[in-house]
file model_35.json (JSON, C-alpha atoms and all ligand atoms)
[["chain", "number", "residue", "atom", "x", "y", "z"],
["A", 1, "MET", "CA", 254.18, 319.63, 206.34],
["A", 2, "SER", "CA", 252.64, 322.36, 204.23],
["A", 3, "PHE", "CA", 250.24, 324.97, 205.49],
["A", 4, "GLU", "CA", 248.04, 327.57, 203.85],
["A", 5, "HIS", "CA", 247.21, 329.91, 206.73],
["A", 6, "ILE", "CA", 250.33, 329.72, 208.90],
["A", 7, "LEU", "CA", 254.07, 329.50, 208.43],
["A", 8, "TYR", "CA", 255.92, 326.90, 210.47],
["A", 9, "SER", "CA", 259.62, 326.10, 210.66],
["A", 10, "VAL", "CA", 262.16, 324.70, 213.10],
["A", 11, "ASP", "CA", 265.73, 325.91, 213.44],
["A", 12, "SER", "CA", 268.34, 325.88, 216.23],
["A", 13, "GLY", "CA", 265.93, 324.27, 218.70],
["A", 14, "VAL", "CA", 263.25, 326.89, 218.06],
["A", 15, "ALA", "CA", 259.86, 326.32, 216.43],
["A", 16, "LEU", "CA", 258.57, 329.45, 214.73],
["A", 17, "LEU", "CA", 254.81, 329.59, 214.16],
["A", 18, "SER", "CA", 253.56, 332.63, 212.29],
["A", 19, "LEU", "CA", 249.90, 333.34, 211.59],
["A", 20, "ASN", "CA", 249.58, 334.08, 207.90],
["A", 21, "ARG", "CA", 246.24, 335.61, 206.91],
["A", 22, "PRO", "CA", 247.44, 339.21, 206.85],
["A", 23, "LYS", "CA", 244.58, 340.50, 204.67],
["A", 24, "ALA", "CA", 242.14, 339.59, 207.44],
["A", 25, "LEU", "CA", 244.58, 340.77, 210.13],
["A", 26, "ASN", "CA", 245.32, 337.11, 210.90],
["A", 27, "SER", "CA", 241.86, 336.55, 212.34],
["A", 28, "PHE", "CA", 241.08, 332.91, 213.05],
["A", 29, "ASN", "CA", 238.94, 330.82, 210.76],
["A", 30, "GLU", "CA", 238.57, 327.08, 211.33],
["A", 31, "ALA", "CA", 241.25, 326.22, 208.80],
["A", 32, "MET", "CA", 243.83, 328.39, 210.57],
["A", 33, "HIS", "CA", 242.84, 326.94, 213.95],
["A", 34, "LEU", "CA", 243.37, 323.43, 212.60],
["A", 35, "GLU", "CA", 246.76, 324.31, 211.16],
["A", 36, "VAL", "CA", 247.87, 325.92, 214.43],
["A", 37, "GLN", "CA", 246.79, 322.77, 216.28],
["A", 38, "GLN", "CA", 248.74, 320.62, 213.85],
["A", 39, "ALA", "CA", 251.88, 322.76, 214.13],
["A", 40, "LEU", "CA", 251.77, 322.74, 217.94],
["A", 41, "LYS", "CA", 251.36, 318.97, 217.91],
["A", 42, "SER", "CA", 254.36, 318.67, 215.63],
["A", 43, "ALA", "CA", 256.47, 320.96, 217.85],
["A", 44, "LEU", "CA", 255.55, 318.84, 220.86],
["A", 45, "LYS", "CA", 256.60, 315.63, 219.14],
["A", 46, "ASP", "CA", 259.87, 317.06, 217.79],
["A", 47, "LYS", "CA", 262.72, 316.28, 220.18],
["A", 48, "HIS", "CA", 264.77, 319.12, 218.68],
["A", 49, "VAL", "CA", 262.25, 321.79, 219.65],
["A", 50, "ARG", "CA", 263.05, 323.43, 223.00],
["A", 51, "ALA", "CA", 261.36, 326.83, 222.60],
["A", 52, "LEU", "CA", 258.41, 328.17, 220.62],
["A", 53, "VAL", "CA", 257.89, 331.59, 219.05],
["A", 54, "LEU", "CA", 254.37, 332.64, 218.12],
["A", 55, "THR", "CA", 254.03, 335.66, 215.85],
["A", 56, "ALA", "CA", 252.24, 336.78, 212.69],
["A", 57, "GLU", "CA", 252.76, 338.17, 209.21],
["A", 58, "GLY", "CA", 251.81, 341.65, 208.03],
["A", 59, "ARG", "CA", 250.83, 344.74, 210.00],
["A", 60, "GLY", "CA", 248.70, 343.01, 212.63],
["A", 61, "PHE", "CA", 249.17, 340.17, 215.09],
["A", 62, "CYS", "CA", 245.63, 338.77, 215.23],
["A", 63, "ALA", "CA", 242.11, 340.27, 215.17],
["A", 64, "GLY", "CA", 240.54, 337.32, 217.00],
["A", 65, "GLN", "CA", 237.70, 335.39, 215.44],
["A", 66, "ASP", "CA", 237.14, 335.88, 211.71],
["A", 67, "LEU", "CA", 233.76, 337.61, 211.95],
["A", 68, "SER", "CA", 232.99, 336.96, 208.30],
["A", 69, "ASP", "CA", 232.60, 333.30, 209.28],
["A", 70, "ARG", "CA", 229.57, 334.03, 211.48],
["A", 71, "ASN", "CA", 225.98, 334.07, 210.30],
["A", 72, "VAL", "CA", 224.37, 336.90, 212.24],
["A", 73, "ASP", "CA", 221.25, 337.26, 210.10],
["A", 74, "PRO", "CA", 218.52, 338.31, 212.62],
["A", 75, "ASN", "CA", 216.19, 335.76, 211.03],
["A", 76, "ALA", "CA", 218.62, 332.88, 211.36],
["A", 77, "GLU", "CA", 218.88, 330.68, 214.45],
["A", 78, "ALA", "CA", 221.15, 332.19, 217.12],
["A", 79, "PRO", "CA", 224.67, 330.83, 216.69],
["A", 80, "ASP", "CA", 226.01, 328.59, 219.44],
["A", 81, "LEU", "CA", 229.53, 329.83, 220.07],
["A", 82, "VAL", "CA", 230.30, 327.02, 222.52],
["A", 83, "PHE", "CA", 231.55, 324.82, 219.70],
["A", 84, "SER", "CA", 234.16, 327.34, 218.65],
["A", 85, "ILE", "CA", 235.32, 328.00, 222.21],
["A", 86, "GLU", "CA", 235.50, 324.33, 223.21],
["A", 87, "ARG", "CA", 236.93, 323.01, 219.98],
["A", 88, "PHE", "CA", 239.43, 325.80, 219.24],
["A", 89, "TYR", "CA", 240.05, 328.71, 221.61],
["A", 90, "ASN", "CA", 240.10, 326.91, 224.95],
["A", 91, "PRO", "CA", 242.38, 324.08, 223.77],
["A", 92, "LEU", "CA", 244.74, 326.63, 222.23],
["A", 93, "ILE", "CA", 245.03, 328.63, 225.44],
["A", 94, "LYS", "CA", 245.43, 325.49, 227.56],
["A", 95, "GLN", "CA", 248.08, 324.17, 225.23],
["A", 96, "LEU", "CA", 250.11, 327.38, 225.13],
["A", 97, "GLN", "CA", 249.93, 327.84, 228.87],
["A", 98, "SER", "CA", 251.04, 324.29, 229.63],
["A", 99, "PHE", "CA", 253.43, 323.89, 226.70],
["A", 100, "PRO", "CA", 256.45, 322.09, 228.21],
["A", 101, "MET", "CA", 258.99, 324.68, 227.06],
["A", 102, "PRO", "CA", 259.18, 328.47, 226.95],
["A", 103, "VAL", "CA", 256.69, 330.12, 224.60],
["A", 104, "ILE", "CA", 257.54, 333.60, 223.36],
["A", 105, "CYS", "CA", 254.86, 335.67, 221.71],
["A", 106, "ALA", "CA", 256.10, 338.40, 219.38],
["A", 107, "VAL", "CA", 253.18, 340.79, 218.92],
["A", 108, "ASN", "CA", 253.89, 342.55, 215.64],
["A", 109, "GLY", "CA", 250.89, 344.87, 215.50],
["A", 110, "VAL", "CA", 247.26, 345.18, 216.54],
["A", 111, "ALA", "CA", 246.01, 342.32, 218.73],
["A", 112, "ALA", "CA", 242.23, 342.31, 219.19],
["A", 113, "GLY", "CA", 239.60, 340.01, 220.67],
["A", 114, "ALA", "CA", 241.00, 336.52, 221.18],
["A", 115, "GLY", "CA", 244.11, 337.86, 219.47],
["A", 116, "ALA", "CA", 244.72, 340.15, 222.45],
["A", 117, "ASN", "CA", 244.44, 337.29, 224.93],
["A", 118, "ILE", "CA", 246.42, 334.56, 223.16],
["A", 119, "PRO", "CA", 249.69, 336.40, 223.97],
["A", 120, "LEU", "CA", 248.74, 336.41, 227.65],
["A", 121, "ALA", "CA", 248.80, 332.61, 227.68],
["A", 122, "CYS", "CA", 252.42, 332.70, 226.50],
["A", 123, "ASP", "CA", 255.38, 332.99, 228.84],
["A", 124, "LEU", "CA", 257.20, 336.03, 227.52],
["A", 125, "VAL", "CA", 255.46, 338.64, 225.40],
["A", 126, "ILE", "CA", 257.60, 340.97, 223.32],
["A", 127, "ALA", "CA", 255.64, 343.65, 221.51],
["A", 128, "ALA", "CA", 256.54, 345.94, 218.64],
["A", 129, "ARG", "CA", 256.34, 349.57, 219.73],
["A", 130, "SER", "CA", 253.39, 350.10, 217.34],
["A", 131, "ALA", "CA", 251.44, 347.11, 218.71],
["A", 132, "LYS", "CA", 248.23, 347.61, 220.63],
["A", 133, "PHE", "CA", 245.94, 345.30, 222.58],
["A", 134, "ILE", "CA", 242.17, 345.67, 222.22],
["A", 135, "GLN", "CA", 239.60, 343.75, 224.26],
["A", 136, "ALA", "CA", 237.21, 344.17, 221.33],
["A", 137, "PHE", "CA", 234.58, 341.73, 222.63],
["A", 138, "CYS", "CA", 232.40, 344.36, 224.32],
["A", 139, "LYS", "CA", 232.04, 346.20, 221.01],
["A", 140, "ILE", "CA", 230.18, 343.25, 219.49],
["A", 141, "GLY", "CA", 228.26, 342.12, 222.56],
["A", 142, "LEU", "CA", 230.59, 339.27, 223.55],
["A", 143, "VAL", "CA", 232.48, 338.32, 226.68],
["A", 144, "PRO", "CA", 236.31, 338.30, 226.73],
["A", 145, "ASP", "CA", 237.39, 334.74, 226.03],
["A", 146, "SER", "CA", 240.67, 332.91, 225.47],
["A", 147, "GLY", "CA", 241.48, 333.41, 229.14],
["A", 148, "GLY", "CA", 241.11, 337.20, 229.17],
["A", 149, "THR", "CA", 239.01, 337.25, 232.32],
["A", 150, "TRP", "CA", 241.57, 335.01, 234.05],
["A", 151, "PHE", "CA", 244.85, 336.54, 232.88],
["A", 152, "LEU", "CA", 244.00, 340.23, 232.94],
["A", 153, "PRO", "CA", 243.03, 340.68, 236.62],
["A", 154, "ARG", "CA", 246.08, 338.65, 237.63],
["A", 155, "LEU", "CA", 248.47, 340.61, 235.43],
["A", 156, "ILE", "CA", 247.17, 344.16, 235.68],
["A", 157, "GLY", "CA", 244.59, 344.16, 238.51],
["A", 158, "MET", "CA", 240.81, 344.21, 238.48],
["A", 159, "ALA", "CA", 240.32, 347.96, 237.92],
["A", 160, "ARG", "CA", 242.43, 347.98, 234.77],
["A", 161, "ALA", "CA", 240.96, 344.68, 233.60],
["A", 162, "LYS", "CA", 237.50, 346.22, 233.83],
["A", 163, "GLN", "CA", 238.66, 349.38, 232.08],
["A", 164, "LEU", "CA", 240.00, 347.40, 229.12],
["A", 165, "THR", "CA", 237.18, 344.88, 228.84],
["A", 166, "LEU", "CA", 234.20, 347.19, 229.44],
["A", 167, "LEU", "CA", 235.46, 350.09, 227.35],
["A", 168, "GLY", "CA", 237.32, 348.18, 224.63],
["A", 169, "GLU", "CA", 239.93, 350.93, 224.47],
["A", 170, "PRO", "CA", 243.24, 350.13, 222.75],
["A", 171, "LEU", "CA", 246.18, 349.64, 225.10],
["A", 172, "MET", "CA", 249.46, 350.63, 223.48],
["A", 173, "ALA", "CA", 252.48, 348.34, 223.88],
["A", 174, "GLU", "CA", 254.41, 350.82, 226.04],
["A", 175, "LYS", "CA", 251.48, 351.13, 228.47],
["A", 176, "ALA", "CA", 251.02, 347.34, 228.52],
["A", 177, "LEU", "CA", 254.65, 347.11, 229.58],
["A", 178, "GLU", "CA", 254.20, 349.79, 232.25],
["A", 179, "TRP", "CA", 251.17, 347.87, 233.59],
["A", 180, "GLY", "CA", 253.11, 344.61, 233.83],
["A", 181, "MET", "CA", 251.08, 342.86, 231.15],
["A", 182, "ILE", "CA", 254.01, 342.07, 228.85],
["A", 183, "TYR", "CA", 257.75, 341.46, 229.10],
["A", 184, "LYS", "CA", 259.31, 343.91, 226.65],
["A", 185, "VAL", "CA", 258.74, 346.52, 223.93],
["A", 186, "VAL", "CA", 261.15, 346.79, 221.02],
["A", 187, "GLU", "CA", 261.29, 348.81, 217.82],
["A", 188, "ASP", "CA", 259.04, 347.31, 215.13],
["A", 189, "GLU", "CA", 261.88, 346.32, 212.81],
["A", 190, "ALA", "CA", 263.79, 344.57, 215.64],
["A", 191, "LEU", "CA", 260.89, 342.44, 216.85],
["A", 192, "ARG", "CA", 261.46, 339.18, 214.98],
["A", 193, "ASP", "CA", 265.23, 339.16, 215.62],
["A", 194, "GLU", "CA", 264.79, 339.91, 219.33],
["A", 195, "ALA", "CA", 262.19, 337.17, 219.74],
["A", 196, "MET", "CA", 264.25, 334.62, 217.85],
["A", 197, "SER", "CA", 267.45, 335.40, 219.68],
["A", 198, "LEU", "CA", 265.71, 335.13, 223.04],
["A", 199, "ALA", "CA", 264.15, 331.82, 221.95],
["A", 200, "ARG", "CA", 267.50, 330.45, 220.73],
["A", 201, "GLN", "CA", 269.04, 331.36, 224.08],
["A", 202, "LEU", "CA", 266.20, 329.66, 225.98],
["A", 203, "ALA", "CA", 266.51, 326.59, 223.74],
["A", 204, "THR", "CA", 269.99, 325.97, 225.19],
["A", 205, "GLN", "CA", 268.70, 325.96, 228.78],
["A", 206, "PRO", "CA", 267.40, 323.06, 230.94],
["A", 207, "THR", "CA", 264.09, 322.65, 229.10],
["A", 208, "LYS", "CA", 262.41, 320.36, 231.60],
["A", 209, "GLY", "CA", 263.46, 322.60, 234.50],
["A", 210, "LEU", "CA", 261.99, 325.62, 232.70],
["A", 211, "SER", "CA", 258.74, 323.74, 232.08],
["A", 212, "TYR", "CA", 258.51, 322.95, 235.80],
["A", 213, "ILE", "CA", 259.09, 326.62, 236.65],
["A", 214, "LYS", "CA", 256.19, 327.69, 234.46],
["A", 215, "ARG", "CA", 254.01, 324.92, 235.85],
["A", 216, "ALA", "CA", 254.70, 326.13, 239.40],
["A", 217, "LEU", "CA", 254.04, 329.79, 238.59],
["A", 218, "ASN", "CA", 250.87, 329.02, 236.63],
["A", 219, "GLN", "CA", 249.38, 327.45, 239.75],
["A", 220, "SER", "CA", 250.58, 329.95, 242.32],
["A", 221, "PHE", "CA", 247.65, 332.39, 242.40],
["A", 222, "ASP", "CA", 245.23, 329.53, 243.04],
["A", 223, "HIS", "CA", 247.08, 328.15, 246.06],
["A", 224, "ASP", "CA", 247.78, 329.19, 249.59],
["A", 225, "CYS", "CA", 251.45, 329.33, 250.55],
["A", 226, "HIS", "CA", 251.56, 325.86, 252.12],
["A", 227, "THR", "CA", 249.99, 324.21, 249.09],
["A", 228, "GLN", "CA", 252.40, 326.01, 246.81],
["A", 229, "LEU", "CA", 255.33, 324.80, 248.91],
["A", 230, "ASP", "CA", 254.10, 321.27, 248.23],
["A", 231, "VAL", "CA", 253.91, 322.03, 244.52],
["A", 232, "GLU", "CA", 257.51, 323.28, 244.60],
["A", 233, "ARG", "CA", 258.62, 320.16, 246.48],
["A", 234, "ASP", "CA", 257.02, 317.84, 243.93],
["A", 235, "LEU", "CA", 258.40, 319.73, 240.96],
["A", 236, "GLN", "CA", 261.84, 319.92, 242.57],
["A", 237, "ARG", "CA", 261.80, 316.15, 242.83],
["A", 238, "LEU", "CA", 261.18, 315.92, 239.08],
["A", 239, "ALA", "CA", 263.78, 318.59, 238.29],
["A", 240, "GLY", "CA", 266.34, 316.78, 240.41],
["A", 241, "GLN", "CA", 265.83, 313.67, 238.29],
["A", 242, "THR", "CA", 266.82, 315.39, 235.01],
["A", 243, "GLN", "CA", 270.18, 314.99, 233.32],
["A", 244, "ASP", "CA", 270.33, 318.76, 232.95],
["A", 245, "TYR", "CA", 270.33, 319.21, 236.73],
["A", 246, "ARG", "CA", 273.35, 316.90, 236.99],
["A", 247, "GLU", "CA", 275.06, 318.74, 234.16],
["A", 248, "GLY", "CA", 274.30, 322.15, 235.73],
["A", 249, "VAL", "CA", 275.84, 321.22, 239.07],
["A", 250, "LYS", "CA", 278.78, 319.39, 237.47],
["A", 251, "ALA", "CA", 279.55, 322.33, 235.19],
["A", 252, "PHE", "CA", 279.39, 324.72, 238.14],
["A", 253, "MET", "CA", 281.82, 322.63, 240.14],
["A", 254, "GLU", "CA", 284.14, 322.29, 237.15],
["A", 255, "LYS", "CA", 283.91, 326.05, 236.46],
["A", 256, "ARG", "CA", 282.75, 325.60, 232.86],
["A", 257, "THR", "CA", 279.67, 326.50, 230.82],
["A", 258, "PRO", "CA", 277.01, 323.80, 231.10],
["A", 259, "GLU", "CA", 275.82, 321.93, 228.04],
["A", 260, "PHE", "CA", 272.15, 321.32, 228.63],
["A", 261, "LYS", "CA", 270.41, 318.75, 226.44],
["A", 262, "GLY", "CA", 266.84, 319.34, 227.59],
["A", 263, "GLU", "CA", 266.73, 315.89, 229.17],
["A", 301, "LIG", "O1", 232.69, 333.48, 217.30],
["A", 301, "LIG", "C1", 233.37, 332.83, 218.09],
["A", 301, "LIG", "O2", 234.01, 331.83, 217.74],
["A", 301, "LIG", "C2", 233.47, 333.28, 219.51],
["A", 301, "LIG", "C3", 234.86, 333.69, 219.83],
["A", 301, "LIG", "C4", 235.26, 334.94, 219.62],
["A", 301, "LIG", "C5", 236.66, 335.37, 219.81],
["A", 301, "LIG", "C6", 236.87, 336.77, 219.32],
["A", 301, "LIG", "O3", 237.99, 337.07, 219.01],
["A", 301, "LIG", "S1", 235.56, 337.83, 219.24],
["A", 301, "LIG", "C7", 236.32, 339.35, 218.71],
["A", 301, "LIG", "C8", 236.49, 339.39, 217.22],
["A", 301, "LIG", "N1", 237.35, 340.47, 216.79],
["A", 301, "LIG", "C9", 236.96, 341.74, 216.75],
["A", 301, "LIG", "O4", 235.87, 342.10, 217.12],
["A", 301, "LIG", "C10", 237.94, 342.71, 216.16],
["A", 301, "LIG", "C11", 237.45, 343.23, 214.82],
["A", 301, "LIG", "N2", 238.44, 344.07, 214.19],
["A", 301, "LIG", "C12", 238.64, 345.34, 214.55],
["A", 301, "LIG", "O5", 238.07, 345.87, 215.48],
["A", 301, "LIG", "C13", 239.63, 346.11, 213.75],
["A", 301, "LIG", "O6", 239.80, 345.47, 212.51],
["A", 301, "LIG", "C14", 241.01, 346.22, 214.43],
["A", 301, "LIG", "C15", 240.89, 347.17, 215.63],
["A", 301, "LIG", "C16", 241.55, 344.87, 214.86],
["A", 301, "LIG", "C17", 242.03, 346.84, 213.44],
["A", 301, "LIG", "O7", 241.51, 348.03, 212.90],
["A", 301, "LIG", "P1", 242.21, 348.68, 211.61],
["A", 301, "LIG", "O8", 241.50, 349.96, 211.35],
["A", 301, "LIG", "O9", 243.66, 348.73, 211.84],
["A", 301, "LIG", "O10", 241.98, 347.63, 210.42],
["A", 301, "LIG", "P2", 240.61, 347.32, 209.64],
["A", 301, "LIG", "O11", 240.54, 348.19, 208.45],
["A", 301, "LIG", "O12", 239.47, 347.34, 210.58],
["A", 301, "LIG", "O13", 240.86, 345.80, 209.20],
["A", 301, "LIG", "C18", 241.72, 345.46, 208.13],
["A", 301, "LIG", "C19", 241.07, 344.34, 207.36],
["A", 301, "LIG", "O14", 240.98, 343.21, 208.24],
["A", 301, "LIG", "C20", 239.64, 344.68, 206.95],
["A", 301, "LIG", "O15", 239.38, 344.01, 205.75],
["A", 301, "LIG", "P3", 239.26, 344.85, 204.35],
["A", 301, "LIG", "O16", 238.22, 345.89, 204.55],
["A", 301, "LIG", "O17", 240.64, 345.42, 204.17],
["A", 301, "LIG", "O18", 238.92, 343.80, 203.34],
["A", 301, "LIG", "C21", 238.82, 344.06, 208.05],
["A", 301, "LIG", "O19", 237.51, 343.73, 207.66],
["A", 301, "LIG", "C22", 239.62, 342.80, 208.33],
["A", 301, "LIG", "N3", 239.37, 342.31, 209.69],
["A", 301, "LIG", "C23", 239.80, 342.85, 210.83],
["A", 301, "LIG", "N4", 239.36, 342.15, 211.85],
["A", 301, "LIG", "C24", 238.65, 341.13, 211.35],
["A", 301, "LIG", "C25", 238.64, 341.23, 209.96],
["A", 301, "LIG", "N5", 238.00, 340.37, 209.17],
["A", 301, "LIG", "C26", 237.32, 339.38, 209.80],
["A", 301, "LIG", "N6", 237.29, 339.22, 211.13],
["A", 301, "LIG", "C27", 237.93, 340.07, 211.93],
["A", 301, "LIG", "N7", 237.92, 339.87, 213.27]]
call {"tool": "encode", "arguments": {"input": "model_35.json", "output": "structure tokens"}}
result
Amino acid sequence: MSFEHILYSVDSGVALLSLNRPKALNSFNEAMHLEVQQALKSALKDKHVRALVLTAEGRGFCAGQDLSDRNVDPNAEAPDLVFSIERFYNPLIKQLQSFPMPVICAVNGVAAGAGANIPLACDLVIAARSAKFIQAFCKIGLVPDSGGTWFLPRLIGMARAKQLTLLGEPLMAEKALEWGMIYKVVEDEALRDEAMSLARQLATQPTKGLSYIKRALNQSFDHDCHTQLDVERDLQRLAGQTQDYREGVKAFMEKRTPEFKGE
């Protein structure tokens, strides 16, 4: 597979997908969306892949939609942005959130617009110390998309979600960590290694079990306690049917390190 706007590789059970339009701060045009879709499809089909790292090349992570792709001539017909949301952004967010393995987002620099919300759909966000998150939508008359209005209030509370989305102020990585929006902040030069080593570690774990954990947590805010207990019961049934569960218990009883196969 060869790509023009992303880099994609698989090694040690980890798929590494890096956005690669650094001159435009990795903003999304249709071609990059299509390549990301293709890479994610390939990762899903590849039995060796048990963790995914999403990151980007250059000084920024992603500046959201490539605005040079939009015709905003006042005399032209108003653009219908539904196509872009339904065809590209919403499927991307849904796919990342429900990806059946851990997804680590390594935010290597500025993340704006959709680029600030894509990390929130991932499971573990590690940010470079210099990274910042900008809900840039309000500055161009748009509404936060890519799940921003869903993830932000849940992660940081409504007051802070309104602060970020109505003011469009940059949120530095350290503050995002303090607010509970991301998992970790590391020095810029350590980011890629930290993300890859975490992903390699996760790729040796019970992959199906981990996917059930994220499925349960993703639903929890929408359920009352009793409904969530039912969700846990159903997912526990599935987890109990995996080979990795048997291996985990067997290894514990035999006082050895388990060898999980992701099955
Ligand atoms: O339309 C739809 O499909 C609806 C869905 C929308 C989803 C969205 O994401 S809407 C939000 C779109 N994004 C933005 O509004 C962010 C625009 N960018 C910025 O505000 C700033 O660039 C940043 C705060 C991200 C970074 O600022 P700074 O000063 O570090 O860099 P810069 O100089 O502004 O940008 C560097 C280059 O990247 C520059 O190009 P040049 O002058 O060197 O040739 C700039 O034009 C380009 N760039 C940055 N963002 C975008 C972009 N080019 C196209 N589209 C961009 N979004």
call {"tool": "residues_around", "arguments": {"input": "model_35.json", "residues": "Ile93 of chain A", "least_positions_apart": "3", "cutoff": "8 Å", "atoms": "all atoms listed in the file", "output": "mmCIF file with C-alpha atoms, in the frame of the given file"}}
result
data_model
loop_
_atom_site.group_PDB
_atom_site.id
_atom_site.type_symbol
_atom_site.label_atom_id
_atom_site.label_comp_id
_atom_site.auth_asym_id
_atom_site.auth_seq_id
_atom_site.Cartn_x
_atom_site.Cartn_y
_atom_site.Cartn_z
ATOM 1 C CA TYR A 89 240.050 328.710 221.610
ATOM 2 C CA ASN A 90 240.100 326.910 224.950
ATOM 3 C CA LEU A 96 250.110 327.380 225.130
ATOM 4 C CA GLN A 97 249.930 327.840 228.870
ATOM 5 C CA ILE A 118 246.420 334.560 223.160
ATOM 6 C CA ALA A 121 248.800 332.610 227.680
ATOM 7 C CA SER A 146 240.670 332.910 225.470
ATOM 8 C CA GLY A 147 241.480 333.410 229.140
#
call {"tool": "closest_residue", "arguments": {"input": "model_35.json", "among": "A:Leu142, A:Val82, A:Ala112, A:Ala15", "to": "Ala63 of chain A", "atoms": "only C-alpha atoms"}}
result
A:Ala112
call {"tool": "residues_near_ligand", "arguments": {"input": "model_35.json", "ligand": "ligand LIG 301 (chain A)", "cutoff": "7 Å", "atoms": "only C-alpha atoms and all ligand atoms", "output": "PyMOL selection string"}}
result
chain A and resi 23-25+27+63-68+70+81+84-85+110-115+134+136-137+139-140+142+145
call {"tool": "residues_around", "arguments": {"input": "model_35.json", "residues": "segment 214-219 of chain A", "least_positions_apart": "3", "cutoff": "7 Å", "atoms": "only C-alpha atoms", "output": "list in words"}}
result
Ser98, Leu210, Ser211, Asp222, His223, Val231 and Glu232 of chain A
call {"tool": "atom_distance", "arguments": {"input": "model_35.json", "atom1": "atom CA of His48 of chain A", "atom2": "atom CA of Lys261 of chain A"}}
result
9.6 Å
call {"tool": "atom_distance", "arguments": {"input": "model_35.json", "atom1": "atom CA of Gln135 of chain A", "atom2": "atom CA of Gly168 of chain A"}}
result
5.0 Å
call {"tool": "residues_around", "arguments": {"input": "model_35.json", "residues": "Ala51 of chain A", "least_positions_apart": "5", "cutoff": "8 Å", "atoms": "only C-alpha atoms", "output": "PyMOL selection string"}}
result
chain A and resi 13-15+101-104+199-200+202-203
call {"tool": "closest_residue", "arguments": {"input": "model_35.json", "among": "A:Ala159, A:Val125, A:Met172, A:Met196", "to": "Leu16 of chain A", "atoms": "all atoms listed in the file"}}
result
A:Met196
call {"tool": "closest_residue", "arguments": {"input": "model_35.json", "among": "A:Lys132, A:Lys175, A:Lys208, A:Arg21", "to": "Glu263 of chain A", "atoms": "all atoms listed in the file"}}
result
A:Lys208
call {"tool": "closest_residue", "arguments": {"input": "model_35.json", "among": "A:Gly157, A:Val72, A:Ile126, A:Thr242", "to": "Glu174 of chain A", "atoms": "only C-alpha atoms"}}
result
A:Ile126
call {"tool": "closest_residue", "arguments": {"input": "model_35.json", "among": "A:Val249, A:Cys138, A:Leu120, A:Ala106", "to": "Trp150 of chain A", "atoms": "all atoms listed in the file"}}
result
A:Leu120
call {"tool": "closest_residue", "arguments": {"input": "model_35.json", "among": "A:Ser42, A:Gln205, A:Asn26, A:Thr165", "to": "Gly58 of chain A", "atoms": "all atoms listed in the file"}}
result
A:Asn26
call {"tool": "atom_distance", "arguments": {"input": "model_35.json", "atom1": "atom CA of Val49 of chain A", "atom2": "atom CA of Asp193 of chain A"}}
result
18.1 Å
